[in-house]
Amino acid sequence: MSKPIVAIVGRPNVGKSTLFNALAGSRISIIQDTPGVTRDRIYADVEWLDRSFTMIDTGGIEPDTNDIILSQMREQAQIAIDTADVILFMTDLKQGLVDADAKVADMLRRSHKPVLLVVNKVDSFVRDEAAVYEFYNLGIGDPYPVSAANRTGIGDLLDEVLKRLPEKNASEEEDTRPKVAIVGKPNVGKSSIINRLLGEDRLIVSDIAGTTRDAVDTVVKYDGKEYVFIDTAGIRRKNRIKEDLEHYMIVRAVGAVERADVVVVVIDATEGVTEQDAKIAGIAHERGKGIIIAVNKWDAVEKDTHTVKKFSDKIRQTLSFMAYADILFISAKSGQRLTRLYSMVDEVIESANRRVGTGVLNEILSEAVALQQPPMDKGKRLKCYYMTQVGVAPPTFVLFVNDKKLMHFSYERYIENQIRTAFGFKGTAIRIITRERAKKEQPEL
């Protein structure tokens with residue numbers, strides 16, 4: 001099941017990023033950074049008690065402004081609002097209640113989403129109680145006092161967030177149709193790909209708007225099988241500053257990727273692979289989604305006998321953290337190789353859900369250890385006792401060792417490569433969790 005999305009919105013400089021960073025602190029687990037993903041994270045996977053959700057930080061909302069940057073921040077925040085399941089509306093006790101807060105509250109009220117009113121910079125509730133109660137005048141419910149800087153009141157706030165998260169959607173879980181998110185930078189041809197698939201097949205089943213999401217779902221039937229394409233297109237703003245563009249597209253991509261089984265990362269062949277492509281691809285990678293890299297506009301590139309190899313090498317270099325993903329050179333304009341997407345999606349889903357028997361898996365592990373000795377540190381060598389698969393989508397393995405501090409990332413990568421050589425797992429990430437176990441509890445391989 002995809003994670004619910006919680007968005008932090010409010011005027012500029014009320015402490016949204018401070019709260020976001022506090023939620024990404026040591027008390028709450030957060031995914032590791034992936035190479036190629038922006039360090040200025042605007043999204044994080046957060047766990048609280050028995051639930052997990054994706055938190056999105058947003059630019060400040062200035063309801064009435066002609067400033068191009070502020071207006072763009074407002075548009076970007078609106079996307080987060082449309083995408084979110086729960087909204088944290090952040091205000092500032094020190095600044096007090098201002099007209100802009102009321103206008104933001106009106107915008108949120110029209111969203112018909114669960115909204116929690118957060119009053120930040122409350123260092124002492126006893127002292128500031130009267131000032132906090134002033135925010136009842138916004139008419140969107142009880143204010144929740146916090147100090148993001150001091151990390152007080154956050155636990156109570158998260159308890160309230162959990163109460164408003166949507167329940168598991170049984171009907172969504174029963175939908176076994178492949179869900180394919182088309183993501184990429186603006187103007188790389190995301191909409192054109194789906195439109196071409198529709199025009200080519202002429203077997204569209206229905207057009208349905210995503211329930212609480214910004215993207216639009218399109219159901220296409222091909223070769224007797226239905227596929228749900230999640231289109232994140234529509235970003236066509238000129239003169240947008242680079243930082244805001246990245247923020248804007250990442251908000252869109254996170255919502256779409258969460259719901260997908262397979263993510264098609266579209267790259268513009270006329271521009272080549274860029275850091276922005278890596279950031280978008282990283283969102284799918286760290287969520288363990290199946291991934292296909294589609295190089296669009298291939299018909300517009302002048303070619304020789306080395307063009308494909310040179311382009312592929314550049315992609316592998318820039319997206320080195322996802323070498324498992326296949327590359328497909330396509331043209332949405334001409335339809336070149338476009339229908340290959342269907343079989344590749346099927347193959348990736350099969351890989352992501354593949355299970356390996358424990359006996360066979362440990363045979364591979366034993367051979368890997370024999371071929372290349374585990375690392376040693378200060379006279380102590382890593383010993384690998386046992387491995388078992390504990391999950392799929394992505395395939396997840398637990399490796400029991402004598403001391404997990406001795407597990408170097410390069411040796412973990414080596415074991416992953418041995419598993420891939422033996423079992424494939426094309427198009428999907430692999431997770432390896434290292435756990436310690438005493439030697440007497442498990443035989444050494």
# chains A, B, ... in the order shown; residues from 1 in each chain; ligands from 1

call {"tool": "select_by_dssp", "arguments": {"residues": "range 120-162 of chain A", "states": "alpha helix (DSSP H)", "output": "number ranges by chain"}}
result
A: 125-133, 154-162

call {"tool": "residues_around", "arguments": {"residues": "Lys297 in chain A", "least_positions_apart": "6", "cutoff": "9 Å", "atoms": "only C-alpha atoms", "output": "list in words"}}
result
Val188, Gly189, Ile267, Asp268, Ala269, Thr270, Phe329, Ile330, Ser331, Ala332, Lys333 and Ser334 of chain A

call {"tool": "closest_residue", "arguments": {"among": "A:Ala149, A:Val308, A:Val9, A:Ala422", "to": "Asp82 in chain A", "atoms": "only C-alpha atoms"}}
result
A:Val9

call {"tool": "select_by_dssp", "arguments": {"residues": "range 116-160 of chain A", "states": "strand (DSSP E)", "output": "list in words"}}
result
Leu116, Leu117, Val118, Val119, Asn120, Pro143, Tyr144 and Pro145 of chain A

call {"tool": "residues_around", "arguments": {"residues": "Lys121 in chain A", "least_positions_apart": "2", "cutoff": "12 Å", "atoms": "only C-alpha atoms", "output": "VMD selection string"}}
result
chain A and resid 13 to 16 18 to 19 90 to 96 118 to 119 123 to 125 128 131 to 132 144 to 154

call {"tool": "write_last_selection", "arguments": {"atoms": "N, CA and C atoms", "output": "CSV table (one decimal), in the first residue's frame"}}
result
chain,number,residue,atom,x,y,z
A,13,ASN,N,8.4,31.8,6.3
A,13,ASN,CA,9.1,32.2,7.6
A,13,ASN,C,8.3,31.9,8.8
A,14,VAL,N,7.5,30.9,8.8
A,14,VAL,CA,6.7,30.6,10.1
A,14,VAL,C,7.3,29.4,10.7
A,15,GLY,N,8.3,28.8,10.1
A,15,GLY,CA,9.0,27.6,10.7
A,15,GLY,C,8.7,26.3,10.1
A,16,LYS,N,8.2,26.3,8.9
A,16,LYS,CA,7.8,25.0,8.2
A,16,LYS,C,9.0,24.1,8.1
A,18,THR,N,11.8,24.1,9.7
A,18,THR,CA,12.3,23.7,11.1
A,18,THR,C,11.5,22.6,11.6
A,19,LEU,N,10.1,22.6,11.4
A,19,LEU,CA,9.3,21.5,11.8
A,19,LEU,C,9.6,20.2,11.0
A,90,MET,N,0.7,25.8,9.3
A,90,MET,CA,1.6,26.4,10.3
A,90,MET,C,1.5,27.9,10.4
A,91,THR,N,1.4,28.3,11.6
A,91,THR,CA,1.3,29.8,11.9
A,91,THR,C,2.4,30.1,12.9
A,92,ASP,N,2.6,31.4,13.1
A,92,ASP,CA,3.7,31.9,14.0
A,92,ASP,C,3.1,32.7,15.1
A,93,LEU,N,3.3,32.2,16.4
A,93,LEU,CA,2.9,32.9,17.6
A,93,LEU,C,3.5,34.3,17.7
A,94,LYS,N,4.8,34.4,17.4
A,94,LYS,CA,5.5,35.6,17.5
A,94,LYS,C,4.9,36.7,16.6
A,95,GLN,N,4.6,36.3,15.4
A,95,GLN,CA,4.0,37.3,14.4
A,95,GLN,C,2.5,37.6,14.7
A,96,GLY,N,1.9,36.6,15.4
A,96,GLY,CA,0.5,36.8,15.7
A,96,GLY,C,-0.4,36.4,14.5
A,118,VAL,N,-1.4,24.4,13.3
A,118,VAL,CA,-0.2,24.3,14.2
A,118,VAL,C,0.3,25.7,14.5
A,119,VAL,N,0.4,26.1,15.7
A,119,VAL,CA,0.9,27.4,16.2
A,119,VAL,C,2.4,27.2,16.6
A,123,ASP,N,7.0,28.6,23.2
A,123,ASP,CA,8.1,28.1,24.1
A,123,ASP,C,7.5,27.8,25.5
A,124,SER,N,6.4,28.4,25.9
A,124,SER,CA,5.8,28.1,27.2
A,124,SER,C,4.3,28.3,27.0
A,125,PHE,N,3.6,27.1,27.0
A,125,PHE,CA,2.1,27.2,26.8
A,125,PHE,C,1.4,28.0,27.9
A,128,ASP,N,1.9,31.5,27.1
A,128,ASP,CA,1.4,32.0,25.8
A,128,ASP,C,0.0,31.5,25.5
A,131,ALA,N,-2.5,33.9,23.8
A,131,ALA,CA,-2.1,34.2,22.4
A,131,ALA,C,-2.4,33.0,21.5
A,132,VAL,N,-2.2,31.8,22.0
A,132,VAL,CA,-2.5,30.6,21.2
A,132,VAL,C,-4.0,30.5,20.8
A,144,TYR,N,-2.8,23.7,17.7
A,144,TYR,CA,-1.9,22.7,18.4
A,144,TYR,C,-0.6,23.5,18.6
A,145,PRO,N,-0.2,23.8,19.8
A,145,PRO,CA,1.0,24.6,20.1
A,145,PRO,C,2.2,23.7,20.0
A,146,VAL,N,3.2,24.2,19.3
A,146,VAL,CA,4.5,23.5,19.2
A,146,VAL,C,5.6,24.5,19.2
A,147,SER,N,6.8,24.0,19.5
A,147,SER,CA,8.1,24.7,19.3
A,147,SER,C,8.9,23.9,18.4
A,148,ALA,N,8.9,24.1,17.1
A,148,ALA,CA,9.7,23.3,16.2
A,148,ALA,C,11.2,23.3,16.6
A,149,ALA,N,11.7,24.5,17.0
A,149,ALA,CA,13.1,24.7,17.3
A,149,ALA,C,13.5,23.9,18.5
A,150,ASN,N,12.6,23.9,19.5
A,150,ASN,CA,12.9,23.2,20.8
A,150,ASN,C,12.3,21.7,20.8
A,151,ARG,N,11.6,21.4,19.7
A,151,ARG,CA,11.0,20.1,19.5
A,151,ARG,C,10.0,19.7,20.7
A,152,THR,N,9.2,20.7,21.0
A,152,THR,CA,8.2,20.4,22.1
A,152,THR,C,6.8,20.4,21.4
A,153,GLY,N,5.9,19.5,21.9
A,153,GLY,CA,4.6,19.5,21.4
A,153,GLY,C,4.5,18.6,20.1
A,154,ILE,N,5.6,18.1,19.6
A,154,ILE,CA,5.6,17.4,18.3
A,154,ILE,C,4.9,16.1,18.4

call {"tool": "atom_distance", "arguments": {"atom1": "CA of Gly255 in chain A", "atom2": "CA of Gly184 in chain A"}}
result
13.2 Å

call {"tool": "residues_around", "arguments": {"residues": "Asp106 in chain A", "least_positions_apart": "3", "cutoff": "12 Å", "atoms": "only C-alpha atoms", "output": "PyMOL selection string"}}
result
chain A and resi 10+63+89+99-103+109-112+115+138-140

call {"tool": "write_last_selection", "arguments": {"atoms": "N, CA, C and O atoms", "output": "PDB file, in the first residue's frame"}}
result
ATOM      1  N   GLY A  10       1.879  26.990   4.832  1.00  0.00           N
ATOM      2  CA  GLY A  10       1.745  28.209   5.618  1.00  0.00           C
ATOM      3  C   GLY A  10       2.487  29.347   4.955  1.00  0.00           C
ATOM      4  O   GLY A  10       3.121  29.172   3.911  1.00  0.00           O
ATOM      5  N   PRO A  63      -0.898  34.712  -0.286  1.00  0.00           N
ATOM      6  CA  PRO A  63      -2.140  34.684  -1.082  1.00  0.00           C
ATOM      7  C   PRO A  63      -2.256  35.807  -2.097  1.00  0.00           C
ATOM      8  O   PRO A  63      -2.706  35.600  -3.209  1.00  0.00           O
ATOM      9  N   PHE A  89      -1.266  23.136   8.814  1.00  0.00           N
ATOM     10  CA  PHE A  89      -1.267  24.566   8.520  1.00  0.00           C
ATOM     11  C   PHE A  89      -0.488  25.265   9.623  1.00  0.00           C
ATOM     12  O   PHE A  89      -0.918  25.330  10.760  1.00  0.00           O
ATOM     13  N   ASP A  99      -3.671  38.887   8.393  1.00  0.00           N
ATOM     14  CA  ASP A  99      -4.678  38.706   7.344  1.00  0.00           C
ATOM     15  C   ASP A  99      -4.307  37.563   6.399  1.00  0.00           C
ATOM     16  O   ASP A  99      -5.174  36.814   5.938  1.00  0.00           O
ATOM     17  N   ALA A 100      -3.034  37.434   6.099  1.00  0.00           N
ATOM     18  CA  ALA A 100      -2.616  36.387   5.170  1.00  0.00           C
ATOM     19  C   ALA A 100      -2.934  34.999   5.721  1.00  0.00           C
ATOM     20  O   ALA A 100      -3.243  34.080   4.956  1.00  0.00           O
ATOM     21  N   ASP A 101      -2.878  34.822   7.040  1.00  0.00           N
ATOM     22  CA  ASP A 101      -3.237  33.534   7.637  1.00  0.00           C
ATOM     23  C   ASP A 101      -4.696  33.191   7.338  1.00  0.00           C
ATOM     24  O   ASP A 101      -5.028  32.047   7.024  1.00  0.00           O
ATOM     25  N   ALA A 102      -5.559  34.193   7.435  1.00  0.00           N
ATOM     26  CA  ALA A 102      -6.985  33.962   7.168  1.00  0.00           C
ATOM     27  C   ALA A 102      -7.205  33.561   5.713  1.00  0.00           C
ATOM     28  O   ALA A 102      -8.042  32.700   5.408  1.00  0.00           O
ATOM     29  N   LYS A 103      -6.440  34.157   4.815  1.00  0.00           N
ATOM     30  CA  LYS A 103      -6.588  33.826   3.395  1.00  0.00           C
ATOM     31  C   LYS A 103      -6.064  32.424   3.088  1.00  0.00           C
ATOM     32  O   LYS A 103      -6.654  31.697   2.282  1.00  0.00           O
ATOM     33  N   ARG A 109      -9.587  25.471   3.530  1.00  0.00           N
ATOM     34  CA  ARG A 109     -10.977  25.054   3.776  1.00  0.00           C
ATOM     35  C   ARG A 109     -11.617  24.548   2.488  1.00  0.00           C
ATOM     36  O   ARG A 109     -12.382  23.577   2.492  1.00  0.00           O
ATOM     37  N   ARG A 110     -11.270  25.180   1.372  1.00  0.00           N
ATOM     38  CA  ARG A 110     -11.838  24.774   0.085  1.00  0.00           C
ATOM     39  C   ARG A 110     -11.297  23.416  -0.372  1.00  0.00           C
ATOM     40  O   ARG A 110     -11.885  22.779  -1.241  1.00  0.00           O
ATOM     41  N   SER A 111     -10.168  22.984   0.194  1.00  0.00           N
ATOM     42  CA  SER A 111      -9.585  21.705  -0.210  1.00  0.00           C
ATOM     43  C   SER A 111     -10.379  20.521   0.322  1.00  0.00           C
ATOM     44  O   SER A 111     -10.257  19.408  -0.182  1.00  0.00           O
ATOM     45  N   HIS A 112     -11.183  20.761   1.368  1.00  0.00           N
ATOM     46  CA  HIS A 112     -11.979  19.694   1.997  1.00  0.00           C
ATOM     47  C   HIS A 112     -11.095  18.550   2.488  1.00  0.00           C
ATOM     48  O   HIS A 112     -11.516  17.397   2.525  1.00  0.00           O
ATOM     49  N   VAL A 115      -7.336  19.240   8.132  1.00  0.00           N
ATOM     50  CA  VAL A 115      -6.335  20.273   8.383  1.00  0.00           C
ATOM     51  C   VAL A 115      -6.082  20.366   9.887  1.00  0.00           C
ATOM     52  O   VAL A 115      -7.028  20.428  10.677  1.00  0.00           O
ATOM     53  N   LEU A 138      -9.419  31.684  13.227  1.00  0.00           N
ATOM     54  CA  LEU A 138      -9.301  31.226  11.842  1.00  0.00           C
ATOM     55  C   LEU A 138     -10.425  30.281  11.456  1.00  0.00           C
ATOM     56  O   LEU A 138     -10.697  30.068  10.271  1.00  0.00           O
ATOM     57  N   GLY A 139     -11.080  29.701  12.441  1.00  0.00           N
ATOM     58  CA  GLY A 139     -12.246  28.867  12.171  1.00  0.00           C
ATOM     59  C   GLY A 139     -11.951  27.540  11.510  1.00  0.00           C
ATOM     60  O   GLY A 139     -12.793  26.998  10.787  1.00  0.00           O
ATOM     61  N   ILE A 140     -10.772  26.979  11.760  1.00  0.00           N
ATOM     62  CA  ILE A 140     -10.472  25.668  11.171  1.00  0.00           C
ATOM     63  C   ILE A 140     -10.068  24.657  12.240  1.00  0.00           C
ATOM     64  O   ILE A 140      -9.328  23.709  11.962  1.00  0.00           O
TER      65      ILE A 140
END

call {"tool": "atom_distance", "arguments": {"atom1": "CA of Met387 in chain A", "atom2": "CA of Gln372 in chain A"}}
result
16.8 Å

call {"tool": "atom_distance", "arguments": {"atom1": "CA of Val122 in chain A", "atom2": "CA of Ala84 in chain A"}}
result
25.7 Å

call {"tool": "residues_around", "arguments": {"residues": "Val356 in chain A", "least_positions_apart": "6", "cutoff": "9 Å", "atoms": "only C-alpha atoms", "output": "PDB file with N, CA and C atoms, in the first residue's frame"}}
result
ATOM      1  N   THR A 388      17.971 -15.059   4.435  1.00  0.00           N
ATOM      2  CA  THR A 388      16.618 -15.454   4.077  1.00  0.00           C
ATOM      3  C   THR A 388      15.867 -14.262   3.497  1.00  0.00           C
ATOM      4  N   GLN A 389      14.936 -14.508   2.605  1.00  0.00           N
ATOM      5  CA  GLN A 389      14.131 -13.435   2.028  1.00  0.00           C
ATOM      6  C   GLN A 389      12.926 -13.193   2.909  1.00  0.00           C
ATOM      7  N   PHE A 423      19.664 -14.781  -9.840  1.00  0.00           N
ATOM      8  CA  PHE A 423      18.201 -14.762  -9.892  1.00  0.00           C
ATOM      9  C   PHE A 423      17.610 -13.628 -10.722  1.00  0.00           C
TER      10      PHE A 423
END

call {"tool": "residues_around", "arguments": {"residues": "Met376 in chain A", "least_positions_apart": "6", "cutoff": "9 Å", "atoms": "only C-alpha atoms", "output": "PyMOL selection string"}}
result
chain A and resi 382+406-407

call {"tool": "write_last_selection", "arguments": {"atoms": "N, CA and C atoms", "output": "compact mmCIF listing (two decimals), in the first residue's frame"}}
result
# COMPACT_ATOMS: atom_id res chain seq x y z
N LEU A 382 34.51 -10.40 9.22
CA LEU A 382 33.07 -10.57 9.10
C LEU A 382 32.74 -12.02 8.77
N LEU A 406 31.18 -4.75 10.77
CA LEU A 406 32.21 -5.19 9.84
C LEU A 406 31.71 -5.26 8.40
N MET A 407 30.40 -5.10 8.22
CA MET A 407 29.83 -5.18 6.87
C MET A 407 30.09 -3.88 6.12
